[in-house]
Amino acid sequence: MTELTQQQAISRYAAQIGDNGLIIGHRMSEWCFKAPTIEMEMALMNCALDLIGQARELYTYAGVAGGEGKKEDDFAYLRDEQDFRNNLLAEVPNGDWGDTIVRLFFMSAFNNLFYKALSQSKDTQLAAIGEKSLKEVIYHLRFSSEWLIRLGDGTEESHARAQKSIDSLWMYVGELFTMSDVEKQLLADGISVDVEALREEWEHTVNRVLRQATLHRPQDDWAMLGGKAEGRHTEHFGYIITDMQYMQRRYPGCEW
Amino acid sequence: MVTAQRNFDPAQVWTILEEVKDPEIPVLSIVDLGIAREVKDTPGGQLEVVISPTYSGCPAMNMLEEQIRETLIHHGYPDPVITTRLSPAWTTDWMSEAGKQKLEAYGIAPPEKSTTNKSVLFGGQKKVSCPQCKSDHTEQISEFGSTACKALYRCLDCREPFDYFKCI
């Protein structure tokens with residue numbers, strides 16, 4: 001890989017973080033009209049709105065840093081599957097309520113630490129986005145952890161299903177703490193976050209909530225990788241962008 | 001020291017900005033909410049208004065930007081510049097006292113003064129008073145309410161559900 005200029009690397013980095021927010025935000029928006037109660041539907045839509053809002057800020061900045069005049073919509077609607085560099089955890093299907101809560105919990109526990117660190121970035125715009133986003137993801141973490149405790153420490157049925165969700169999503173956790181090429185490149189300049197260093201505190205938070213939820217932390221086995229580093233996605237991803245990009249592909253440049 | 005010559009009267013511009021209301025909470029202006037942060041001249045001599053979004057995904061921000069522009073044009077500022085500033089991040093502490101009173105009279109419990117509890121998990125629940133009957137005997141129904149900036153509560157005395165403006 002040819003070395004990117006610092007501005008190119010910052011552009012890719014901002015887009016990569018934005019991809020995480022857009023994809024999990026889109027997934028959560030799929031719960032619209034389907035959530036168990038109207039309060040929970042509003043909660044998920046609120047979280048989705050925060051995450052997509054954060055993605056918009058990040059894509060806008062990716063366009064500015066890249067210097068090619070790209071806008072936020074170019075990143076969301078006009079890139080192909082292999083250009084998206086989200087963590088695979090963000091794109092897994094919603095499954096049942098437990099799967100959605102566990103996915104949001106794992107991601108929010110990560111985002112809480114990630115945005116706290118990003119708010120210290122030497123890049124002032126990334127730091128500002130980090131500072132803003134942190135206030136929002138704290139709410140997501142609180143919401144999802146309280147739900148996980150309710151499910152785990154609930155009925156026999158809810159406990160068993162929450163445990164199944166944790167066991168099946170655990171293989172996507174490892175990727176959160178791997179460094180992509182742009183992250184490595186920008187680390188020396190104090191611009192990117194050292195995500196490998198976040199794992200210990202993430203484990204601490206997760207273990208604490210799992211204990212209270214009477215759920216078991218799975219054994220570390222192997223981790224699914226490839227989304228963030230190479231744009232190799234799960235088989236579910238194509239359906240997401242087909243749905244999301246349909247209007248722009250069918251009517252290029254359409255606005256409303 | 002020379003005081004820079006301004007092309008506008010700051011007090012007048014702030015009064016004009018009071019006319020721009022939040023579309024979701026029409027009793028509050030962008031000045032009450034602390035969304036409007038600063039008015040100044042651009043190097044090119046245009047009027048610049050700096051705003052800070054309440055939430056990253058707040059769908060009202062684009063609309064507010066347009067309303068600020070239209071209102072200023074209407075009052076004779078032909079080409080205003082609206083700039084968004086993310087840092088320092090907006091906080092409910094920027095909401096004016098008058099704004100909090102208007103909010104309560106409108107039926108939304110205003111945010112607590114400055115958040116001191118920084119613990120993320122299992123943060124102690126704040127005591128929120130019912131905007132209808134003023135009882136402190138209330139409970140949270142959901143961390144999230146009808147818009148990104150609100151949570152849903154219910155009063156255990158008068159039994160009315162109500163929105164609480166989240167403290168961030």
# chains A, B, ... in the order shown; residues from 1 in each chain; ligands from 1
>>> interface_residues(of="chain B", to="chain A", cutoff="6 Å", atoms="only C-alpha atoms", output="list in words")
Ser56, Gly57, Leu86, Ser87, Ala89, Leu121, Phe144 and Ala148 of chain B
>>> select_by_dssp(residues="stretch 85-231 of chain A", states="helix (DSSP H, G or I)", output="PyMOL selection string")
chain A and resi 88-91+97-118+124-152+156-176+181-187+195-212+227-230
>>> write_last_selection(atoms="C-alpha atoms", output="mmCIF file, in the first residue's frame")
data_model
loop_
_atom_site.group_PDB
_atom_site.id
_atom_site.type_symbol
_atom_site.label_atom_id
_atom_site.label_comp_id
_atom_site.auth_asym_id
_atom_site.auth_seq_id
_atom_site.Cartn_x
_atom_site.Cartn_y
_atom_site.Cartn_z
ATOM 1 C CA LEU A 88 -18.486 -6.279 11.434
ATOM 2 C CA LEU A 89 -20.390 -6.060 14.727
ATOM 3 C CA ALA A 90 -22.203 -2.986 13.387
ATOM 4 C CA GLU A 91 -23.712 -4.841 10.419
ATOM 5 C CA TRP A 97 -34.499 -7.926 21.111
ATOM 6 C CA GLY A 98 -31.654 -9.567 23.047
ATOM 7 C CA ASP A 99 -29.352 -9.590 19.998
ATOM 8 C CA THR A 100 -30.045 -5.909 19.363
ATOM 9 C CA ILE A 101 -29.440 -4.952 23.003
ATOM 10 C CA VAL A 102 -26.221 -6.986 23.249
ATOM 11 C CA ARG A 103 -24.886 -5.525 19.993
ATOM 12 C CA LEU A 104 -25.683 -1.984 21.189
ATOM 13 C CA PHE A 105 -24.182 -2.729 24.595
ATOM 14 C CA PHE A 106 -20.897 -4.065 23.189
ATOM 15 C CA MET A 107 -20.662 -1.148 20.758
ATOM 16 C CA SER A 108 -21.630 1.527 23.297
ATOM 17 C CA ALA A 109 -19.144 0.236 25.874
ATOM 18 C CA PHE A 110 -16.543 0.594 23.118
ATOM 19 C CA ASN A 111 -17.781 3.982 21.852
ATOM 20 C CA ASN A 112 -17.757 5.412 25.354
ATOM 21 C CA LEU A 113 -14.014 4.721 25.677
ATOM 22 C CA PHE A 114 -13.280 5.489 22.043
ATOM 23 C CA TYR A 115 -14.884 8.933 21.949
ATOM 24 C CA LYS A 116 -13.370 9.857 25.297
ATOM 25 C CA ALA A 117 -9.936 9.134 23.777
ATOM 26 C CA LEU A 118 -10.797 10.806 20.456
ATOM 27 C CA THR A 124 -9.091 19.621 16.569
ATOM 28 C CA GLN A 125 -12.132 18.699 14.476
ATOM 29 C CA LEU A 126 -11.907 14.993 15.380
ATOM 30 C CA ALA A 127 -11.473 16.049 19.011
ATOM 31 C CA ALA A 128 -14.594 18.253 18.786
ATOM 32 C CA ILE A 129 -16.641 15.424 17.245
ATOM 33 C CA GLY A 130 -15.346 13.105 19.981
ATOM 34 C CA GLU A 131 -16.350 15.537 22.717
ATOM 35 C CA LYS A 132 -19.837 15.964 21.250
ATOM 36 C CA SER A 133 -20.426 12.251 20.576
ATOM 37 C CA LEU A 134 -19.273 11.148 24.014
ATOM 38 C CA LYS A 135 -22.229 12.837 25.692
ATOM 39 C CA GLU A 136 -24.587 10.868 23.451
ATOM 40 C CA VAL A 137 -23.037 7.397 23.623
ATOM 41 C CA ILE A 138 -23.048 7.521 27.441
ATOM 42 C CA TYR A 139 -26.851 7.401 27.211
ATOM 43 C CA HIS A 140 -26.675 4.428 24.821
ATOM 44 C CA LEU A 141 -24.433 2.565 27.245
ATOM 45 C CA ARG A 142 -26.734 3.220 30.174
ATOM 46 C CA PHE A 143 -29.848 2.228 28.224
ATOM 47 C CA SER A 144 -28.367 -0.991 26.824
ATOM 48 C CA SER A 145 -26.712 -2.100 30.069
ATOM 49 C CA GLU A 146 -29.906 -1.610 32.060
ATOM 50 C CA TRP A 147 -31.780 -3.685 29.488
ATOM 51 C CA LEU A 148 -29.139 -6.399 29.516
ATOM 52 C CA ILE A 149 -29.464 -6.689 33.294
ATOM 53 C CA ARG A 150 -33.244 -6.863 32.987
ATOM 54 C CA LEU A 151 -33.006 -9.640 30.400
ATOM 55 C CA GLY A 152 -30.224 -11.627 32.069
ATOM 56 C CA GLU A 156 -35.597 -18.300 32.486
ATOM 57 C CA GLU A 157 -36.513 -17.588 28.874
ATOM 58 C CA SER A 158 -35.035 -14.057 28.766
ATOM 59 C CA HIS A 159 -31.871 -15.226 30.532
ATOM 60 C CA ALA A 160 -31.313 -18.076 28.101
ATOM 61 C CA ARG A 161 -31.894 -15.882 25.079
ATOM 62 C CA ALA A 162 -29.651 -13.076 26.346
ATOM 63 C CA GLN A 163 -26.878 -15.609 26.969
ATOM 64 C CA LYS A 164 -27.331 -16.971 23.457
ATOM 65 C CA SER A 165 -27.027 -13.424 22.057
ATOM 66 C CA ILE A 166 -23.805 -12.846 23.964
ATOM 67 C CA ASP A 167 -22.337 -16.172 22.872
ATOM 68 C CA SER A 168 -23.194 -15.623 19.221
ATOM 69 C CA LEU A 169 -21.952 -12.011 19.014
ATOM 70 C CA TRP A 170 -18.750 -12.535 20.990
ATOM 71 C CA MET A 171 -16.756 -13.461 17.887
ATOM 72 C CA TYR A 172 -17.213 -9.895 16.597
ATOM 73 C CA VAL A 173 -15.746 -8.267 19.698
ATOM 74 C CA GLY A 174 -12.068 -8.840 18.878
ATOM 75 C CA GLU A 175 -12.173 -6.688 15.752
ATOM 76 C CA LEU A 176 -13.073 -3.591 17.791
ATOM 77 C CA ASP A 181 -3.445 0.818 8.516
ATOM 78 C CA VAL A 182 -4.673 4.419 8.759
ATOM 79 C CA GLU A 183 -5.040 4.134 12.507
ATOM 80 C CA LYS A 184 -1.449 2.932 12.770
ATOM 81 C CA GLN A 185 -0.247 5.710 10.487
ATOM 82 C CA LEU A 186 -2.001 8.458 12.465
ATOM 83 C CA LEU A 187 -1.159 7.089 15.910
ATOM 84 C CA VAL A 195 -7.932 1.010 20.249
ATOM 85 C CA GLU A 196 -5.801 -1.932 21.393
ATOM 86 C CA ALA A 197 -5.273 -0.066 24.644
ATOM 87 C CA LEU A 198 -9.026 0.223 25.254
ATOM 88 C CA ARG A 199 -9.677 -3.480 25.665
ATOM 89 C CA GLU A 200 -8.852 -3.801 29.338
ATOM 90 C CA GLU A 201 -11.273 -1.091 30.430
ATOM 91 C CA TRP A 202 -13.914 -2.398 28.017
ATOM 92 C CA GLU A 203 -13.620 -5.848 29.633
ATOM 93 C CA HIS A 204 -13.963 -4.242 33.035
ATOM 94 C CA THR A 205 -17.239 -2.537 32.090
ATOM 95 C CA VAL A 206 -18.623 -5.593 30.308
ATOM 96 C CA ASN A 207 -17.716 -8.001 33.101
ATOM 97 C CA ARG A 208 -19.352 -5.753 35.652
ATOM 98 C CA VAL A 209 -22.630 -5.592 33.754
ATOM 99 C CA LEU A 210 -22.607 -9.312 32.880
ATOM 100 C CA ARG A 211 -22.094 -10.188 36.539
ATOM 101 C CA GLN A 212 -25.032 -8.074 37.568
ATOM 102 C CA GLY A 227 -14.451 -5.339 7.838
ATOM 103 C CA LYS A 228 -12.472 -2.460 9.219
ATOM 104 C CA ALA A 229 -9.074 -3.449 7.793
ATOM 105 C CA GLU A 230 -10.027 -4.590 4.300
#
>>> select_by_dssp(residues="stretch 64-165 of chain B", states="strand (DSSP E)", output="number ranges by chain")
B: 81-84, 108-109, 138-142, 150-155, 161-165
>>> write_last_selection(atoms="C-alpha atoms", output="short mmCIF file (atom, residue, chain, number, x, y, z; two decimals), in the first residue's frame")
data_model
loop_
_atom_site.label_atom_id
_atom_site.label_comp_id
_atom_site.auth_asym_id
_atom_site.auth_seq_id
_atom_site.Cartn_x
_atom_site.Cartn_y
_atom_site.Cartn_z
CA VAL B 81 -22.99 33.50 7.56
CA ILE B 82 -24.10 30.71 9.91
CA THR B 83 -21.26 28.65 11.38
CA THR B 84 -21.61 25.45 13.42
CA ILE B 108 -41.68 19.95 30.15
CA ALA B 109 -39.54 19.46 33.26
CA THR B 138 -41.96 10.79 39.90
CA GLU B 139 -40.36 7.92 38.02
CA GLN B 140 -38.55 7.49 34.72
CA ILE B 141 -40.41 5.50 32.08
CA SER B 142 -37.70 5.70 29.43
CA LYS B 150 -35.85 14.55 26.24
CA ALA B 151 -36.56 11.56 28.51
CA LEU B 152 -39.99 10.24 29.46
CA TYR B 153 -41.24 10.41 33.06
CA ARG B 154 -44.47 9.89 34.93
CA CYS B 155 -45.82 11.58 38.05
CA PRO B 161 -46.78 11.39 32.02
CA PHE B 162 -44.38 14.18 31.07
CA ASP B 163 -41.19 14.96 29.18
CA TYR B 164 -37.98 15.79 31.01
CA PHE B 165 -35.33 17.84 29.22
#
>>> closest_residue(among="B:Gln132, B:Ser29, B:Asn62, B:Ser146", to="B:Tyr106", atoms="only C-alpha atoms")
B:Gln132
>>> atom_distance(atom1="atom CA of B:Glu24", atom2="atom CA of B:Thr147")
8.0 Å
>>> residues_around(residues="A:Ile10", least_positions_apart="5", cutoff="9 Å", atoms="only C-alpha atoms", output="ChimeraX atom specification")
/A:5,15,61-62,65-66,123,182-183,186,191-192
>>> write_last_selection(atoms="all heavy atoms", output="short mmCIF file (atom, residue, chain, number, x, y, z; two decimals), in the first residue's frame")
data_model
loop_
_atom_site.label_atom_id
_atom_site.label_comp_id
_atom_site.auth_asym_id
_atom_site.auth_seq_id
_atom_site.Cartn_x
_atom_site.Cartn_y
_atom_site.Cartn_z
N THR A 5 -0.90 10.64 2.26
CA THR A 5 -0.55 11.90 2.92
C THR A 5 -1.34 11.95 4.22
O THR A 5 -2.34 11.23 4.39
CB THR A 5 -0.94 13.12 2.07
OG1 THR A 5 -2.37 13.17 2.00
CG2 THR A 5 -0.35 13.05 0.68
N ALA A 15 -13.88 8.72 7.88
CA ALA A 15 -14.91 7.93 7.19
C ALA A 15 -15.08 6.57 7.86
O ALA A 15 -16.20 6.08 8.02
CB ALA A 15 -14.54 7.76 5.72
N TYR A 61 -16.46 15.89 7.56
CA TYR A 61 -15.04 16.20 7.80
C TYR A 61 -14.14 15.35 6.89
O TYR A 61 -13.11 15.84 6.42
CB TYR A 61 -14.70 15.98 9.27
CG TYR A 61 -13.28 16.37 9.59
CD1 TYR A 61 -12.78 17.62 9.21
CD2 TYR A 61 -12.41 15.49 10.22
CE1 TYR A 61 -11.48 17.99 9.48
CE2 TYR A 61 -11.10 15.85 10.50
CZ TYR A 61 -10.64 17.10 10.11
OH TYR A 61 -9.33 17.45 10.37
N ALA A 62 -14.52 14.11 6.64
CA ALA A 62 -13.73 13.27 5.72
C ALA A 62 -13.65 13.94 4.35
O ALA A 62 -12.61 13.91 3.68
CB ALA A 62 -14.36 11.88 5.61
N ALA A 65 -11.22 17.01 4.71
CA ALA A 65 -9.82 16.59 4.84
C ALA A 65 -9.30 15.98 3.53
O ALA A 65 -8.14 16.17 3.18
CB ALA A 65 -9.68 15.59 5.99
N GLY A 66 -10.16 15.26 2.83
CA GLY A 66 -9.74 14.61 1.59
C GLY A 66 -9.43 15.61 0.47
O GLY A 66 -8.67 15.31 -0.45
N ASP A 123 -5.95 16.35 16.27
CA ASP A 123 -6.76 16.95 15.22
C ASP A 123 -7.98 17.61 15.88
O ASP A 123 -8.81 16.93 16.47
CB ASP A 123 -7.20 15.87 14.22
CG ASP A 123 -8.00 16.46 13.06
OD1 ASP A 123 -9.16 16.87 13.26
OD2 ASP A 123 -7.44 16.52 11.94
N VAL A 182 -4.63 2.97 8.53
CA VAL A 182 -4.67 4.42 8.76
C VAL A 182 -4.58 4.74 10.25
O VAL A 182 -3.98 5.74 10.63
CB VAL A 182 -5.93 5.11 8.17
CG1 VAL A 182 -5.84 5.22 6.67
CG2 VAL A 182 -7.21 4.48 8.63
N GLU A 183 -5.15 3.89 11.06
CA GLU A 183 -5.04 4.13 12.51
C GLU A 183 -3.59 4.05 12.96
O GLU A 183 -3.13 4.87 13.75
CB GLU A 183 -5.90 3.12 13.29
CG GLU A 183 -7.38 3.42 13.21
CD GLU A 183 -8.24 2.35 13.84
OE1 GLU A 183 -8.03 1.15 13.54
OE2 GLU A 183 -9.12 2.68 14.62
N LEU A 186 -1.68 7.20 11.77
CA LEU A 186 -2.00 8.46 12.47
C LEU A 186 -1.69 8.43 13.96
O LEU A 186 -1.73 9.45 14.63
CB LEU A 186 -3.48 8.80 12.27
CG LEU A 186 -3.90 9.13 10.83
CD1 LEU A 186 -5.42 9.24 10.73
CD2 LEU A 186 -3.25 10.44 10.36
N ILE A 191 -3.13 11.58 16.48
CA ILE A 191 -4.43 11.90 15.87
C ILE A 191 -5.43 10.77 16.09
O ILE A 191 -6.58 11.00 16.43
CB ILE A 191 -4.25 12.21 14.37
CG1 ILE A 191 -3.47 13.52 14.22
CG2 ILE A 191 -5.60 12.30 13.66
CD1 ILE A 191 -3.04 13.83 12.82
N SER A 192 -4.98 9.52 15.89
CA SER A 192 -5.93 8.41 16.03
C SER A 192 -5.88 7.85 17.45
O SER A 192 -4.96 8.12 18.21
CB SER A 192 -5.58 7.30 15.02
OG SER A 192 -4.32 6.77 15.31
#
>>> atom_distance(atom1="atom CA of B:Val27", atom2="atom CA of B:Lys102")
6.6 Å
>>> residues_around(residues="stretch 38-54 of chain B", least_positions_apart="2", cutoff="10 Å", atoms="only C-alpha atoms", output="short mmCIF file (atom, residue, chain, number, x, y, z; two decimals) with N, CA and C atoms, in the first residue's frame")
data_model
loop_
_atom_site.label_atom_id
_atom_site.label_comp_id
_atom_site.auth_asym_id
_atom_site.auth_seq_id
_atom_site.Cartn_x
_atom_site.Cartn_y
_atom_site.Cartn_z
N LYS A 132 -18.38 15.89 21.45
CA LYS A 132 -19.84 15.96 21.25
C LYS A 132 -20.48 14.57 21.35
N ALA B 4 -12.55 47.51 17.16
CA ALA B 4 -12.95 47.21 15.78
C ALA B 4 -14.32 47.83 15.48
N GLN B 5 -14.42 48.40 14.32
CA GLN B 5 -15.68 48.98 13.89
C GLN B 5 -16.62 47.86 13.46
N ARG B 6 -17.77 47.77 14.07
CA ARG B 6 -18.69 46.71 13.69
C ARG B 6 -19.70 47.21 12.67
N ASN B 7 -20.14 46.29 11.86
CA ASN B 7 -21.15 46.63 10.86
C ASN B 7 -22.56 46.38 11.38
N PHE B 8 -22.67 46.00 12.65
CA PHE B 8 -24.00 45.68 13.17
C PHE B 8 -24.04 46.03 14.65
N ASP B 9 -25.21 46.07 15.19
CA ASP B 9 -25.40 46.34 16.61
C ASP B 9 -25.66 44.99 17.31
N PRO B 10 -24.71 44.50 18.10
CA PRO B 10 -24.88 43.15 18.70
C PRO B 10 -26.19 43.00 19.46
N ALA B 11 -26.56 44.01 20.23
CA ALA B 11 -27.80 43.89 21.02
C ALA B 11 -29.01 43.70 20.11
N VAL B 13 -28.97 42.35 17.09
CA VAL B 13 -28.92 41.02 16.48
C VAL B 13 -29.41 39.95 17.47
N TRP B 14 -29.00 40.08 18.74
CA TRP B 14 -29.47 39.11 19.74
C TRP B 14 -30.99 39.18 19.88
N LEU B 17 -32.45 37.35 17.02
CA LEU B 17 -32.31 35.89 17.16
C LEU B 17 -33.36 35.30 18.12
N ILE B 30 -33.72 30.15 20.17
CA ILE B 30 -32.35 29.59 20.13
C ILE B 30 -31.44 30.31 21.11
N VAL B 31 -31.87 31.50 21.58
CA VAL B 31 -31.09 32.21 22.60
C VAL B 31 -31.38 31.57 23.97
N LEU B 33 -32.22 28.56 24.52
CA LEU B 33 -31.63 27.22 24.54
C LEU B 33 -30.10 27.24 24.59
N GLY B 34 -29.51 28.38 24.32
CA GLY B 34 -28.05 28.44 24.29
C GLY B 34 -27.47 27.86 23.00
N ILE B 35 -28.31 27.74 21.98
CA ILE B 35 -27.82 27.24 20.68
C ILE B 35 -27.04 28.36 19.97
N ALA B 36 -27.54 29.58 20.04
CA ALA B 36 -26.82 30.73 19.46
C ALA B 36 -25.70 31.10 20.41
N SER B 56 -25.95 15.61 17.94
CA SER B 56 -25.36 15.45 16.60
C SER B 56 -26.43 15.20 15.56
N GLY B 57 -27.44 14.40 15.93
CA GLY B 57 -28.42 14.02 14.93
C GLY B 57 -29.69 14.86 14.98
N CYS B 58 -29.65 15.99 15.70
CA CYS B 58 -30.88 16.76 15.86
C CYS B 58 -31.42 17.21 14.50
N PRO B 59 -32.60 16.73 14.12
CA PRO B 59 -33.11 17.03 12.78
C PRO B 59 -33.55 18.49 12.63
N ALA B 60 -33.61 19.22 13.76
CA ALA B 60 -34.05 20.62 13.69
C ALA B 60 -32.92 21.55 13.27
N MET B 61 -31.67 21.09 13.31
CA MET B 61 -30.56 22.02 13.08
C MET B 61 -30.57 22.65 11.69
N ASN B 62 -30.81 21.85 10.66
CA ASN B 62 -30.85 22.41 9.29
C ASN B 62 -31.94 23.45 9.17
N LEU B 64 -33.28 25.20 11.64
CA LEU B 64 -32.93 26.39 12.42
C LEU B 64 -31.98 27.30 11.65
N GLU B 65 -31.01 26.66 10.98
CA GLU B 65 -30.04 27.44 10.20
C GLU B 65 -30.76 28.27 9.13
N ILE B 68 -32.70 31.11 10.84
CA ILE B 68 -31.83 32.21 11.27
C ILE B 68 -31.50 33.08 10.06
N ARG B 69 -31.15 32.43 8.97
CA ARG B 69 -30.80 33.16 7.75
C ARG B 69 -31.98 34.03 7.29
N LEU B 72 -32.70 37.00 9.67
CA LEU B 72 -31.72 38.08 9.57
C LEU B 72 -31.88 38.85 8.25
N TYR B 77 -30.15 42.19 7.13
CA TYR B 77 -28.78 41.70 7.01
C TYR B 77 -28.76 40.77 5.79
N PRO B 78 -28.29 41.27 4.64
CA PRO B 78 -28.53 40.59 3.38
C PRO B 78 -27.84 39.24 3.21
N ASP B 79 -26.69 39.07 3.81
CA ASP B 79 -25.92 37.87 3.47
C ASP B 79 -25.25 37.27 4.71
N PRO B 80 -26.05 36.83 5.71
CA PRO B 80 -25.44 36.35 6.95
C PRO B 80 -24.74 35.00 6.76
N VAL B 81 -23.72 34.78 7.58
CA VAL B 81 -22.99 33.50 7.56
C VAL B 81 -23.34 32.76 8.85
N ILE B 82 -23.78 31.51 8.72
CA ILE B 82 -24.10 30.71 9.91
C ILE B 82 -23.03 29.63 10.04
N THR B 83 -22.34 29.61 11.18
CA THR B 83 -21.26 28.65 11.38
C THR B 83 -21.63 27.72 12.54
N THR B 84 -21.34 26.42 12.36
CA THR B 84 -21.61 25.45 13.42
C THR B 84 -20.33 25.18 14.20
N ARG B 85 -20.44 25.24 15.52
CA ARG B 85 -19.28 24.96 16.38
C ARG B 85 -19.62 23.78 17.29
N LEU B 86 -18.77 22.75 17.28
CA LEU B 86 -19.04 21.54 18.08
C LEU B 86 -18.38 21.59 19.46
N SER B 87 -17.25 22.30 19.55
CA SER B 87 -16.52 22.33 20.81
C SER B 87 -16.35 23.76 21.29
N PRO B 88 -16.61 24.07 22.55
CA PRO B 88 -17.12 23.15 23.58
C PRO B 88 -18.53 22.64 23.25
N ALA B 89 -18.77 21.38 23.61
CA ALA B 89 -20.04 20.76 23.26
C ALA B 89 -21.18 21.41 24.03
N TRP B 90 -22.32 21.54 23.36
CA TRP B 90 -23.50 22.16 23.97
C TRP B 90 -23.85 21.45 25.27
N THR B 91 -24.25 22.22 26.24
CA THR B 91 -24.68 21.64 27.52
C THR B 91 -25.96 22.34 27.97
N THR B 92 -26.78 21.63 28.73
CA THR B 92 -28.02 22.22 29.21
C THR B 92 -27.74 23.38 30.18
N ALA B 148 -34.65 13.80 20.73
CA ALA B 148 -33.34 13.37 21.25
C ALA B 148 -33.01 14.03 22.58
N CYS B 149 -33.54 15.23 22.82
CA CYS B 149 -33.12 15.98 24.01
C CYS B 149 -33.98 15.67 25.23
N ILE B 168 -27.40 17.32 29.87
CA ILE B 168 -26.12 16.83 29.32
C ILE B 168 -25.05 17.90 29.42
#
>>> residues_around(residues="A:Asn20", least_positions_apart="2", cutoff="7 Å", atoms="only C-alpha atoms", output="PyMOL selection string")
chain A and resi 16-18+22-24+86-87+90
>>> closest_residue(among="A:Gly95, A:Arg27, A:Gly63, A:Tyr246", to="A:Gln7", atoms="only C-alpha atoms")
A:Gly63
